[in-house]
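Report on the following structure.
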2 protein chains.
Amino acid sequence: MREIRPGEGWARIRPEWVALVVTMDDRNGRPNIITLGWTMHASGDPPMAAIAVGKTRYSHELLTETGEFVLAYPNSRMGEAALFCGTHSGRDVDKFAETELEPVPAKYVRPPLIRGAVVNFECKVVGTADAGDHTVFLGRILAAYEEPEEKEILLNFGSTPSGKRYLTGITGYKG
Amino acid sequence: MREIRPGEGWARIRPEWVALVVTMDDRNGRPNIITLGWTMHASGDPPMAAIAVGKTRYSHELLTETGEFVLAYPNSRMGEAALFCGTHSGRDVDKFAETELEPVPAKYVRPPLIRGAVVNFECKVVGTADAGDHTVFLGRILAAYEEPEEKEILLNFGSTPSGKRYLTGITGYKG
């Protein structure tokens, strides 16, 4: 994992990639992971990410309480873990324990980075907007890290008409 | 152009598509168009879009003043028009006059729909969030329209290292 400039890293991200958001539960010191498809660039200078999180989600609670998150883009071998994190609640399971994802301490925020993710960003919540069944959280990007060996990244996943979720494929990361 | 349910239309949109945002200048009654890459789903029920618009843009001024916009997804023949709208300011040019894009009156908002766009949404701004060099505008989707004959849609465009903008291709719309 190699640290790069936040703006440089953030400019490389594409909106169709699957994102993992790591938060911290201060009550038990346990991090949680949610899989998100609703993310976008919100500012270039300073670099900021916008993420939309459902109001009923455990991660929504933790983001509101702590104001910190890690935004990680999983490599192509992390598809099953991303599906698991997107279909289970951290209220019930410890997602780092139940998947092969491994935490790495971050520098400026308490939630950990994800080892081997193609890119990791440390983010501080600097604003929110109420949006129906979701809240949009704006995260100022404090630090960015690339994994030089990881060039395959997961595309966003959707749902079949029956509600079954799937990953749509992988694409190339130009880091 | 066929009206469909707002939530049904919005669920079909993918984040990697180029978007056109149409606003109205109430001072001269002239609509403007901006090309955006920073858009996302912000709510499923009610359906809401989030769009990030640079603070120096003419469209930022019009969105702030009027609180209304049309979000349109151009068909594959509208690439040059999308590039034009993304690289010129409506303070200087009338983009409907300078491109082949044609306005069609909307039902609930003053900015017009774009004739022949694959999908058009009428949106009312229901919230904003300050985000560095951009503002995130949350648009509640009031109405949605599909063009049944248009199935090819433009992918988001990027910039070369020299700053030249380009379109990355087209993809299929499943309407």
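Convention: chains lettered A, B, ... in structure tokens order; per-chain residue numbering from 1; ligands numbered from 1 as shown.
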Inset, instruction - May I have the residues within 8 Å of Lys151 of chain B as a list in words, using only C-alpha atoms and disregarding those fewer than 6 positions away in the same chain? - result: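 After dropping sequence-adjacent residues, the list is Asn75, Val118, Gly172, Tyr173, Lys174 and Gly175 of chain B.
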Per-residue nearest contacts of chain A to chain B (7 Å; only C-alpha atoms) as a Markdown table:
```
| residue | atom | partner | partner_atom | distance |
| --- | --- | --- | --- | --- |
| A:Pro15 | CA | B:Pro15 | CA | 5.7 |
| A:Glu16 | CA | B:Glu16 | CA | 5.6 |
| A:Trp38 | CA | B:His41 | CA | 5.8 |
| A:Thr39 | CA | B:Met40 | CA | 6.4 |
| A:Met40 | CA | B:Trp38 | CA | 5.9 |
| A:His41 | CA | B:Trp38 | CA | 5.7 |
| A:Ala42 | CA | B:Ala52 | CA | 5.6 |
| A:Ser43 | CA | B:His134 | CA | 5.4 |
| A:Gly44 | CA | B:Asp133 | CA | 6.6 |
| A:Asp45 | CA | B:Asp133 | CA | 6.0 |
| A:Pro46 | CA | B:Gly132 | CA | 5.9 |
| A:Ala52 | CA | B:Ala42 | CA | 5.6 |
| A:Gly127 | CA | B:Ala129 | CA | 6.6 |
| A:Thr128 | CA | B:Ala129 | CA | 6.5 |
| A:Ala129 | CA | B:Ala129 | CA | 5.8 |
| A:Ala131 | CA | B:Ser43 | CA | 5.8 |
| A:Gly132 | CA | B:Ser43 | CA | 5.4 |
| A:Asp133 | CA | B:Ser43 | CA | 5.4 |
| A:His134 | CA | B:Ser43 | CA | 5.4 |
| A:Val136 | CA | B:Ala42 | CA | 6.7 |
```
Inset, instruction - Go through segment 3-175 of chain A and collect every residue that DSSP, computed from the backbone, puts in alpha helix (DSSP H); the answer should be as a PyMOL selection string. - result: chain A and resi 6-11+58-66+79-87+95-98
Inset, instruction - Could you tell me how far atom CA of Gly116 of chain A lies from atom CA of His88 of chain A, in Å and to one decimal? - result: 21.8 Å
Contacts of segment 27-34 of chain A within 10 Å, only C-alpha atoms, excl. fewer than 2 positions in-chain, as a CSV table (one decimal) with N, CA, C and O atoms, in the first residue's frame:
```csv
chain,number,residue,atom,x,y,z
A,19,ALA,N,-18.0,0.3,-4.3
A,19,ALA,CA,-17.3,0.9,-3.2
A,19,ALA,C,-17.6,0.2,-1.9
A,19,ALA,O,-18.7,-0.2,-1.6
A,20,LEU,N,-16.6,0.1,-1.0
A,20,LEU,CA,-16.8,-0.4,0.4
A,20,LEU,C,-16.6,0.8,1.3
A,20,LEU,O,-15.6,1.6,1.1
A,21,VAL,N,-17.5,1.0,2.3
A,21,VAL,CA,-17.3,2.1,3.2
A,21,VAL,C,-17.1,1.5,4.6
A,21,VAL,O,-18.0,0.7,5.1
A,22,VAL,N,-16.0,1.8,5.2
A,22,VAL,CA,-15.7,1.3,6.6
A,22,VAL,C,-16.0,2.3,7.6
A,22,VAL,O,-15.5,3.5,7.4
A,23,THR,N,-16.7,2.0,8.6
A,23,THR,CA,-17.0,2.9,9.7
A,23,THR,C,-16.6,2.2,11.0
A,23,THR,O,-16.2,1.0,11.1
A,24,MET,N,-16.6,3.0,12.1
A,24,MET,CA,-16.2,2.4,13.5
A,24,MET,C,-17.4,2.6,14.4
A,24,MET,O,-18.0,3.6,14.5
A,25,ASP,N,-17.6,1.5,15.2
A,25,ASP,CA,-18.6,1.6,16.3
A,25,ASP,C,-17.8,1.8,17.5
A,25,ASP,O,-17.1,1.0,18.1
A,36,LEU,N,-21.5,-0.1,-1.3
A,36,LEU,CA,-22.3,1.0,-1.8
A,36,LEU,C,-22.1,1.1,-3.3
A,36,LEU,O,-21.0,0.9,-3.9
A,53,VAL,N,-26.3,6.8,1.9
A,53,VAL,CA,-26.4,5.6,2.7
A,53,VAL,C,-27.9,5.6,3.3
A,53,VAL,O,-28.4,6.6,3.7
A,57,ARG,N,-29.7,1.8,7.8
A,57,ARG,CA,-28.5,1.0,7.9
A,57,ARG,C,-27.7,1.3,9.1
A,57,ARG,O,-27.6,2.5,9.6
A,58,TYR,N,-27.1,0.3,9.6
A,58,TYR,CA,-26.1,0.4,10.8
A,58,TYR,C,-25.0,1.4,10.4
A,58,TYR,O,-24.7,2.2,11.3
A,59,SER,N,-24.5,1.4,9.2
A,59,SER,CA,-23.5,2.3,8.8
A,59,SER,C,-24.0,3.8,8.9
A,59,SER,O,-23.2,4.7,9.1
A,60,HIS,N,-25.2,4.0,8.6
A,60,HIS,CA,-25.8,5.3,8.7
A,60,HIS,C,-25.7,5.8,10.2
A,60,HIS,O,-25.2,7.0,10.4
A,62,LEU,N,-23.5,4.8,12.4
A,62,LEU,CA,-22.1,5.0,12.8
A,62,LEU,C,-21.5,6.2,12.1
A,62,LEU,O,-20.7,6.9,12.7
A,69,PHE,N,-15.0,8.0,7.9
A,69,PHE,CA,-15.1,6.7,7.1
A,69,PHE,C,-13.9,6.5,6.3
A,69,PHE,O,-13.2,7.4,6.0
A,70,VAL,N,-13.7,5.2,5.9
A,70,VAL,CA,-12.8,4.9,4.9
A,70,VAL,C,-13.6,4.4,3.7
A,70,VAL,O,-14.5,3.7,3.8
A,71,LEU,N,-13.2,4.9,2.5
A,71,LEU,CA,-13.8,4.6,1.2
A,71,LEU,C,-12.8,3.7,0.5
A,71,LEU,O,-11.7,4.2,0.2
A,72,ALA,N,-13.1,2.4,0.3
A,72,ALA,CA,-12.2,1.5,-0.3
A,72,ALA,C,-12.8,0.9,-1.6
A,72,ALA,O,-14.0,0.6,-1.7
A,81,ALA,N,-16.9,-11.1,-0.9
A,81,ALA,CA,-16.9,-10.3,0.3
A,81,ALA,C,-17.7,-9.0,0.1
A,81,ALA,O,-18.5,-8.7,1.1
A,82,ALA,N,-17.6,-8.4,-1.1
A,82,ALA,CA,-18.5,-7.2,-1.3
A,82,ALA,C,-19.9,-7.6,-1.3
A,82,ALA,O,-20.8,-6.8,-0.7
A,83,LEU,N,-20.3,-8.7,-1.9
A,83,LEU,CA,-21.7,-9.2,-1.8
A,83,LEU,C,-22.1,-9.4,-0.4
A,83,LEU,O,-23.2,-9.1,0.0
A,84,PHE,N,-21.2,-10.1,0.4
A,84,PHE,CA,-21.6,-10.4,1.8
A,84,PHE,C,-21.8,-9.1,2.6
A,84,PHE,O,-22.8,-8.9,3.3
A,85,CYS,N,-20.9,-8.1,2.4
A,85,CYS,CA,-21.0,-6.9,3.1
A,85,CYS,C,-22.2,-6.1,2.7
A,85,CYS,O,-22.8,-5.3,3.5
A,86,GLY,N,-22.7,-6.3,1.5
A,86,GLY,CA,-23.9,-5.5,1.0
A,86,GLY,C,-25.2,-6.2,1.3
A,86,GLY,O,-26.2,-5.6,1.1
A,87,THR,N,-25.1,-7.4,1.9
A,87,THR,CA,-26.4,-8.2,2.1
A,87,THR,C,-26.5,-8.6,3.5
A,87,THR,O,-27.4,-9.4,3.8
A,88,HIS,N,-25.6,-8.2,4.4
A,88,HIS,CA,-25.7,-8.5,5.8
A,88,HIS,C,-25.6,-7.3,6.6
A,88,HIS,O,-24.9,-6.3,6.2
A,89,SER,N,-26.2,-7.2,7.8
A,89,SER,CA,-26.0,-6.1,8.7
A,89,SER,C,-24.9,-6.3,9.7
A,89,SER,O,-24.9,-7.3,10.4
A,90,GLY,N,-24.1,-5.2,9.9
A,90,GLY,CA,-23.1,-5.2,10.9
A,90,GLY,C,-23.7,-5.2,12.3
A,90,GLY,O,-22.9,-5.4,13.3
A,91,ARG,N,-25.0,-5.0,12.4
A,91,ARG,CA,-25.6,-5.2,13.8
A,91,ARG,C,-25.6,-6.6,14.2
A,91,ARG,O,-25.6,-7.0,15.4
A,93,VAL,N,-23.4,-9.2,12.4
A,93,VAL,CA,-22.2,-10.0,12.2
A,93,VAL,C,-21.0,-9.0,12.1
A,93,VAL,O,-21.2,-7.8,11.9
A,94,ASP,N,-19.8,-9.5,12.4
A,94,ASP,CA,-18.6,-8.8,12.3
A,94,ASP,C,-18.0,-9.1,10.9
A,94,ASP,O,-17.6,-10.2,10.6
A,95,LYS,N,-18.1,-8.1,10.0
A,95,LYS,CA,-17.8,-8.4,8.6
A,95,LYS,C,-16.3,-8.6,8.4
A,95,LYS,O,-16.0,-9.4,7.5
A,96,PHE,N,-15.5,-8.0,9.1
A,96,PHE,CA,-14.0,-8.4,9.0
A,96,PHE,C,-13.8,-9.8,9.4
A,96,PHE,O,-12.9,-10.5,8.9
A,101,LEU,N,-11.6,-10.1,4.2
A,101,LEU,CA,-11.1,-8.7,4.3
A,101,LEU,C,-10.3,-8.5,5.6
A,101,LEU,O,-10.7,-8.9,6.6
A,103,PRO,N,-8.3,-5.6,8.1
A,103,PRO,CA,-8.1,-4.2,8.4
A,103,PRO,C,-6.6,-3.8,8.5
A,103,PRO,O,-5.8,-4.6,8.9
A,110,ARG,N,-10.3,6.7,12.6
A,110,ARG,CA,-10.3,5.4,13.4
A,110,ARG,C,-10.8,4.2,12.6
A,110,ARG,O,-10.2,3.1,12.8
A,111,PRO,N,-11.7,4.3,11.6
A,111,PRO,CA,-12.0,3.1,10.8
A,111,PRO,C,-10.7,2.7,10.1
A,111,PRO,O,-10.0,3.5,9.6
A,112,PRO,N,-10.5,1.4,9.9
A,112,PRO,CA,-9.3,0.9,9.2
A,112,PRO,C,-9.5,0.9,7.7
A,112,PRO,O,-10.6,0.9,7.2
A,114,ILE,N,-8.7,-1.2,4.1
A,114,ILE,CA,-8.8,-2.6,3.7
A,114,ILE,C,-7.5,-3.0,3.0
A,114,ILE,O,-7.2,-2.5,1.9
```
Legend entry - Ala144 of chain B environment, 9 Å, only C-alpha atoms, sequence neighbours closer than 4 positions dropped, as an MDAnalysis selection string: chainID B and resid 2:10 119:122
Inset, instruction - Give me every strand (DSSP E) residue in chain A, going by DSSP on the backbone, as a PyMOL selection string. - result: chain A and resi 2-4+19-25+30-36+39-43+48-54+68-73+103-104+113-114+119-131+134-146+152-154+157-159+165-167+170-172
Legend entry - Point-to-point distance from atom CA of Leu113 of chain A to atom CA of Arg12 of chain A, Å rounded to tenths: 18.2 Å
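Considering only C-alpha atoms, the residue among A:Val109, A:Ile170, A:Ile13, A:Met1 positioned nearest to Glu146 of chain A is A:Met1.
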Inset, instruction - Please indicate the distance in Å from atom CA of Arg77 of chain A to atom CA of Glu102 of chain A, rounded to one decimal place. - result: 13.3 Å
